[in-house]
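Here is the structure we will look at, set down as structure tokens.
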Amino acid sequence: MNTQLEKAIIIKNEPWTPEYYLLEFSAPGISQKAAPGQFVHVKIPDRRDILLRRPFSIFKAESGTLSILYKSVGRGTRHMAKLHAGQAVNLLGPLGKGFPIPDTNKKTLLVAGGYGMAALYLTAARAQTPGLLFAGGAGKKDILCAQDFTALGWDVRLATEDGSCGTHGLVTNILDAWQARNGKSSEPELFACGPMGMLKAVAQRAKEWNCTAWISLDHYMACGMGACLACVQKINRDGEERLACTCKEGPVFEAREIIWEES
Amino acid sequence: MNQPDLRVNLAGIAMKNPVTVASGTFGYGPEYADLIDLNRLGAIVVKGVSLNPCPGNPLPRIHETPAGMMNAIGLQNPGAKAFIKTYLPFLANYDLPVIVNIWGRTIEDYEGVAELFEGEPGVAGLELNVSCPNIKEGGNSFGTHPDLFEQVISAVRKKTTRPLLVKLSPNVPDITVFAKTAEQAGADGLSLINTLPAMAIDVETRRPRLANVVGGLSGPAIHPVAVKLVWEAARAVNIPIVGMGGILDPEDALEFIIAGASAVAVGTATFHEPTTVLRIIEGIEEYLLRHHLKSIAELRGTLKTGAR
Ligand SMILES: Cc1cc2nc3c(=O)[nH]c(=O)nc-3n(C[C@H](O)[C@H](O)[C@H](O)COP(=O)(O)OP(=O)(O)OC[C@H]3O[C@@H](n4cnc5c(N)ncnc54)[C@H](O)[C@@H]3O)c2cc1C
Ligand SMILES: Cc1cc2nc3c(=O)[nH]c(=O)nc-3n(C[C@H](O)[C@H](O)[C@H](O)COP(=O)(O)O)c2cc1C
Ligand code: FES
């Protein structure tokens, strides 16, 4: 295993969109090992009353630097927003089993909501051939990094619920539209990260279209190491139903093996 | 000056230092083995194991609180047989006493799991988690009802020749009653404390933070509660005590030892910083050197009360 603890030094921590921040570290160890869809577990510096680390998907990892895109939502991320360049942050990572390398015989379709665009970036950056990114959110402010995918030569399709950017509606609407037009000629392979509702909808499409979908799940975590069993997901793998730690065997699972909770 | 002697004989379990890990916070061994040299630990206490596999509770299972966390994992585990097959061979590669934390929902369950480990040479001792409801006795917890408590310890005692530690629940009016009862029923040692019963509510949704509604509080927030209970228990019995609850710094561990504990266990702090357990060992050693103490035994139970 190549998980390590690393004292990373902040290069920059700045607003990225009205709600998200870009946090860039010098972290030669973890950045070199990071694979698409993996995450880091961030210890909140100087706040030992904030006991648990916070998990964030690895956005970019190249030449010794590692970055994440995070939204300030609670006491941990609010404190993170106050960190500045030069400060040391203890990272645990890279963690988890991320996205596989896209199958070049299929059409690679990435489906993202919220921080999902960050989580899927490395998959696009390291893919042999560009595919399509379908990204959505409530409004324009939720579209995190479309330009980074465009720069890689990817075909970016956007949808927002308020119509402020891209097609008016849900990301699954534009995904369905693509499938209706192209589904017969090319078999898609789906890669998804975003809110639970979106993930379930993508898994549903994969079932209907009889294609593979790699789904990145988000459960609350304590250890990140498979030790505490806070983050388990019921899966069916090789005919055996069991609980898998999202932090270790996930966060990415194939849609067919996920046994979704009723809700 | 020579290095101080950190060795502890815990109820027959030979530990190279007084520091172990708290059950449920360190998995079964492999989870942290790439980050921490397991050979450095005084012992490992593994996640609670029951006779049959247990799926645990629905999610969310954890919730963070100020300087602490609540958990309702629900004692998920693969069952004793799978544990023996999967993890004991791995642990045998290390110079590390293995203490198996066991639990059940009936006395028979407890007896069954204790008996299974009788044949396992890789097991140095058992830790009895009594903070579970007895499904045959209306869900009353073994750990808080003196009669059930006495019965389960006596029953397990008859089934095991291994050193038997009884893990006490803090949720009782007088810990000394339970400490003494455990000693009389045949416990070779005590470990305390288990988590404190707790609850939190999301006011926006008016839903409990944990799917199980209630859970157990751990972490630095409970440390002073634990020190008091260890101190009381240590004065009530003659068997050794493993002190735990909220250890984050070496000083937190030293408090338990001064209060009368023979060993200590690091729990939730491992999630914060996986190397905490090593830092505690080093910190204790440094303290003994600084105070010119030749061994950890010289520090145990040396609380100074009375006039300042
Ligand atoms: C594998 C994984 C990858 C993630 N990647 C990103 C990312 O790239 N960018 C991003 O903005 N967010 C990401 N998240 C969500 C992020 O971890 C939470 O938003 C963050 O932990 C909230 O911390 P807080 O202290 O601000 O919130 P608080 O509500 O104060 O946190 C309290 C506790 O709840 C946990 N928690 C709260 N919300 C979430 C959540 N949505 N998921 C998991 N735990 C939560 C916290 O970790 C903490 O333990 C990811 C989550 C997971 C599991
Ligand atoms: C996630 C988690 C799981 C736990 N599982 C068990 C368990 O299986 N058996 C047990 O006896 N105690 C269990 N405990 C309790 C701990 O062993 C310990 O008694 C308690 O957490 C107090 O120590 P701490 O504050 O250092 O964590 C668990 C605690 C946590 C946080
Ligand atoms: S977070 Fe502890 S097992 Fe996954």
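Residue numbering restarts at 1 in every chain; chains get A, B, ... in the order shown in the structure tokens, and ligands count up from 1 in that same order.
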Neighbouring residues of Pro146 in chain B were defined as those with any atom within 10 Å, considering only C-alpha atoms; residues of the same chain fewer than 4 positions away were excluded. Please report them as a PyMOL selection string. chain B and resi 141-142+150-151+172+177-178+181-182
Near-ligand residues for ligand 2, threshold 6 Å, only C-alpha atoms and all ligand atoms, as a PyMOL selection string: (chain A and resi 228) or (chain B and resi 22-25+47-48+71+75+129+193-195+218-219+244-247+266-268)
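Atom to atom, CA of Gly169 in chain A and CA of Lys71 in chain A stand 22.7 Å apart.
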Ligand 1 neighbours within 7 Å using only C-alpha atoms and all ligand atoms, as JSON, numbers by chain: {"A": [20, 39, 52, 53, 54, 55, 56, 57, 58, 59, 68, 69, 70, 71, 72, 73, 74, 75, 76, 77, 78, 115, 116, 118, 119, 217, 218, 219, 220, 221, 222, 247, 251], "B": [63, 64]}
Once you have the residues from the selection above, write them out as a compact mmCIF listing (two decimals), in the first residue's frame, restricted to N, CA, C and O atoms.
```
# COMPACT_ATOMS: atom_id res chain seq x y z
N TYR A 20 -16.61 27.84 -3.61
CA TYR A 20 -15.49 26.89 -3.48
C TYR A 20 -14.14 27.61 -3.38
O TYR A 20 -13.98 28.72 -3.87
N PHE A 39 -8.59 10.19 -2.71
CA PHE A 39 -8.79 11.38 -1.88
C PHE A 39 -7.70 11.50 -0.82
O PHE A 39 -6.91 10.57 -0.62
N LEU A 52 -11.66 15.09 13.92
CA LEU A 52 -11.63 14.21 12.75
C LEU A 52 -11.04 14.92 11.54
O LEU A 52 -11.24 16.12 11.35
N ARG A 53 -10.32 14.15 10.75
CA ARG A 53 -9.84 14.68 9.48
C ARG A 53 -11.01 14.84 8.52
O ARG A 53 -12.08 14.26 8.72
N ARG A 54 -10.80 15.62 7.48
CA ARG A 54 -11.84 15.85 6.48
C ARG A 54 -11.38 15.27 5.14
O ARG A 54 -10.27 15.55 4.69
N PRO A 55 -12.24 14.46 4.50
CA PRO A 55 -11.86 13.85 3.22
C PRO A 55 -12.14 14.78 2.03
O PRO A 55 -13.23 15.35 1.93
N PHE A 56 -11.17 14.93 1.13
CA PHE A 56 -11.35 15.71 -0.09
C PHE A 56 -10.74 14.99 -1.28
O PHE A 56 -9.61 14.49 -1.20
N SER A 57 -11.49 14.98 -2.36
CA SER A 57 -11.00 14.36 -3.59
C SER A 57 -9.78 15.11 -4.10
O SER A 57 -9.72 16.34 -4.01
N ILE A 58 -8.86 14.37 -4.67
CA ILE A 58 -7.68 14.99 -5.26
C ILE A 58 -8.11 15.60 -6.60
O ILE A 58 -8.70 14.91 -7.44
N PHE A 59 -7.87 16.89 -6.75
CA PHE A 59 -8.24 17.60 -7.99
C PHE A 59 -7.07 17.44 -8.97
O PHE A 59 -7.11 16.63 -9.88
N ILE A 68 -6.89 20.58 -4.08
CA ILE A 68 -8.27 20.17 -3.85
C ILE A 68 -9.16 21.40 -4.08
O ILE A 68 -8.70 22.55 -3.95
N LEU A 69 -10.41 21.14 -4.42
CA LEU A 69 -11.41 22.21 -4.48
C LEU A 69 -12.40 21.91 -3.37
O LEU A 69 -13.00 20.83 -3.35
N TYR A 70 -12.55 22.84 -2.43
CA TYR A 70 -13.45 22.53 -1.32
C TYR A 70 -14.45 23.65 -1.10
O TYR A 70 -14.19 24.81 -1.38
N LYS A 71 -15.60 23.24 -0.60
CA LYS A 71 -16.67 24.18 -0.29
C LYS A 71 -16.69 24.39 1.21
O LYS A 71 -16.56 23.43 1.98
N SER A 72 -16.85 25.64 1.63
CA SER A 72 -16.91 25.92 3.06
C SER A 72 -18.33 25.68 3.54
O SER A 72 -19.25 26.42 3.21
N VAL A 73 -18.50 24.59 4.28
CA VAL A 73 -19.85 24.20 4.71
C VAL A 73 -20.01 24.08 6.22
O VAL A 73 -21.12 24.19 6.74
N GLY A 74 -18.93 23.83 6.94
CA GLY A 74 -19.06 23.59 8.37
C GLY A 74 -17.83 24.06 9.10
O GLY A 74 -17.00 24.79 8.55
N ARG A 75 -17.66 23.61 10.35
CA ARG A 75 -16.57 24.21 11.15
C ARG A 75 -15.18 23.84 10.64
O ARG A 75 -14.26 24.64 10.75
N GLY A 76 -15.04 22.66 10.05
CA GLY A 76 -13.73 22.27 9.54
C GLY A 76 -13.35 23.06 8.30
O GLY A 76 -12.26 23.64 8.22
N THR A 77 -14.24 23.11 7.34
CA THR A 77 -13.92 23.82 6.09
C THR A 77 -13.89 25.33 6.30
O THR A 77 -13.18 26.04 5.60
N ARG A 78 -14.66 25.84 7.27
CA ARG A 78 -14.57 27.28 7.58
C ARG A 78 -13.18 27.61 8.08
O ARG A 78 -12.60 28.64 7.75
N TYR A 115 -18.64 18.89 -6.06
CA TYR A 115 -17.19 18.69 -6.15
C TYR A 115 -16.82 17.56 -7.11
O TYR A 115 -15.63 17.28 -7.34
N GLY A 116 -17.81 16.89 -7.68
CA GLY A 116 -17.56 15.80 -8.62
C GLY A 116 -16.66 16.20 -9.79
O GLY A 116 -15.88 15.39 -10.28
N ALA A 118 -14.14 18.17 -9.65
CA ALA A 118 -12.76 18.08 -9.15
C ALA A 118 -12.33 16.61 -9.09
O ALA A 118 -11.24 16.25 -9.51
N ALA A 119 -13.23 15.77 -8.58
CA ALA A 119 -12.91 14.36 -8.40
C ALA A 119 -12.66 13.65 -9.73
O ALA A 119 -11.95 12.66 -9.79
N LEU A 217 -18.80 7.29 -4.17
CA LEU A 217 -19.72 7.55 -3.06
C LEU A 217 -19.11 8.46 -2.00
O LEU A 217 -17.89 8.53 -1.84
N ASP A 218 -19.97 9.14 -1.26
CA ASP A 218 -19.55 10.08 -0.23
C ASP A 218 -20.24 9.70 1.08
O ASP A 218 -21.43 9.95 1.24
N HIS A 219 -19.51 9.04 1.96
CA HIS A 219 -20.05 8.74 3.29
C HIS A 219 -19.17 9.40 4.34
O HIS A 219 -17.98 9.64 4.09
N TYR A 220 -19.75 9.67 5.51
CA TYR A 220 -18.97 10.27 6.59
C TYR A 220 -17.85 9.31 7.00
O TYR A 220 -18.07 8.11 7.07
N MET A 221 -16.69 9.87 7.26
CA MET A 221 -15.53 9.04 7.56
C MET A 221 -14.84 9.50 8.84
O MET A 221 -14.81 10.70 9.13
N ALA A 222 -14.27 8.56 9.56
CA ALA A 222 -13.42 8.93 10.70
C ALA A 222 -11.97 8.58 10.37
O ALA A 222 -11.15 9.46 10.13
N CYS A 247 -13.90 4.11 2.36
CA CYS A 247 -12.60 4.76 2.40
C CYS A 247 -11.50 3.90 1.82
O CYS A 247 -10.47 4.40 1.41
N PRO A 251 -13.63 5.13 -2.70
CA PRO A 251 -15.05 5.53 -2.82
C PRO A 251 -15.72 5.10 -4.12
O PRO A 251 -16.93 5.22 -4.23
N HIS B 63 -20.66 10.98 14.34
CA HIS B 63 -20.92 12.43 14.33
C HIS B 63 -19.85 13.09 15.18
O HIS B 63 -19.61 12.68 16.30
N GLU B 64 -19.24 14.12 14.62
CA GLU B 64 -18.19 14.81 15.36
C GLU B 64 -18.81 15.80 16.35
O GLU B 64 -19.80 16.45 16.04
```
Tell me as a PyMOL selection string which residues belonging to chain A come within 10 Å of chain B, counting only C-alpha atoms. chain A and resi 1-5+41-44+47-54+90-92+219-234+242-243+248+261
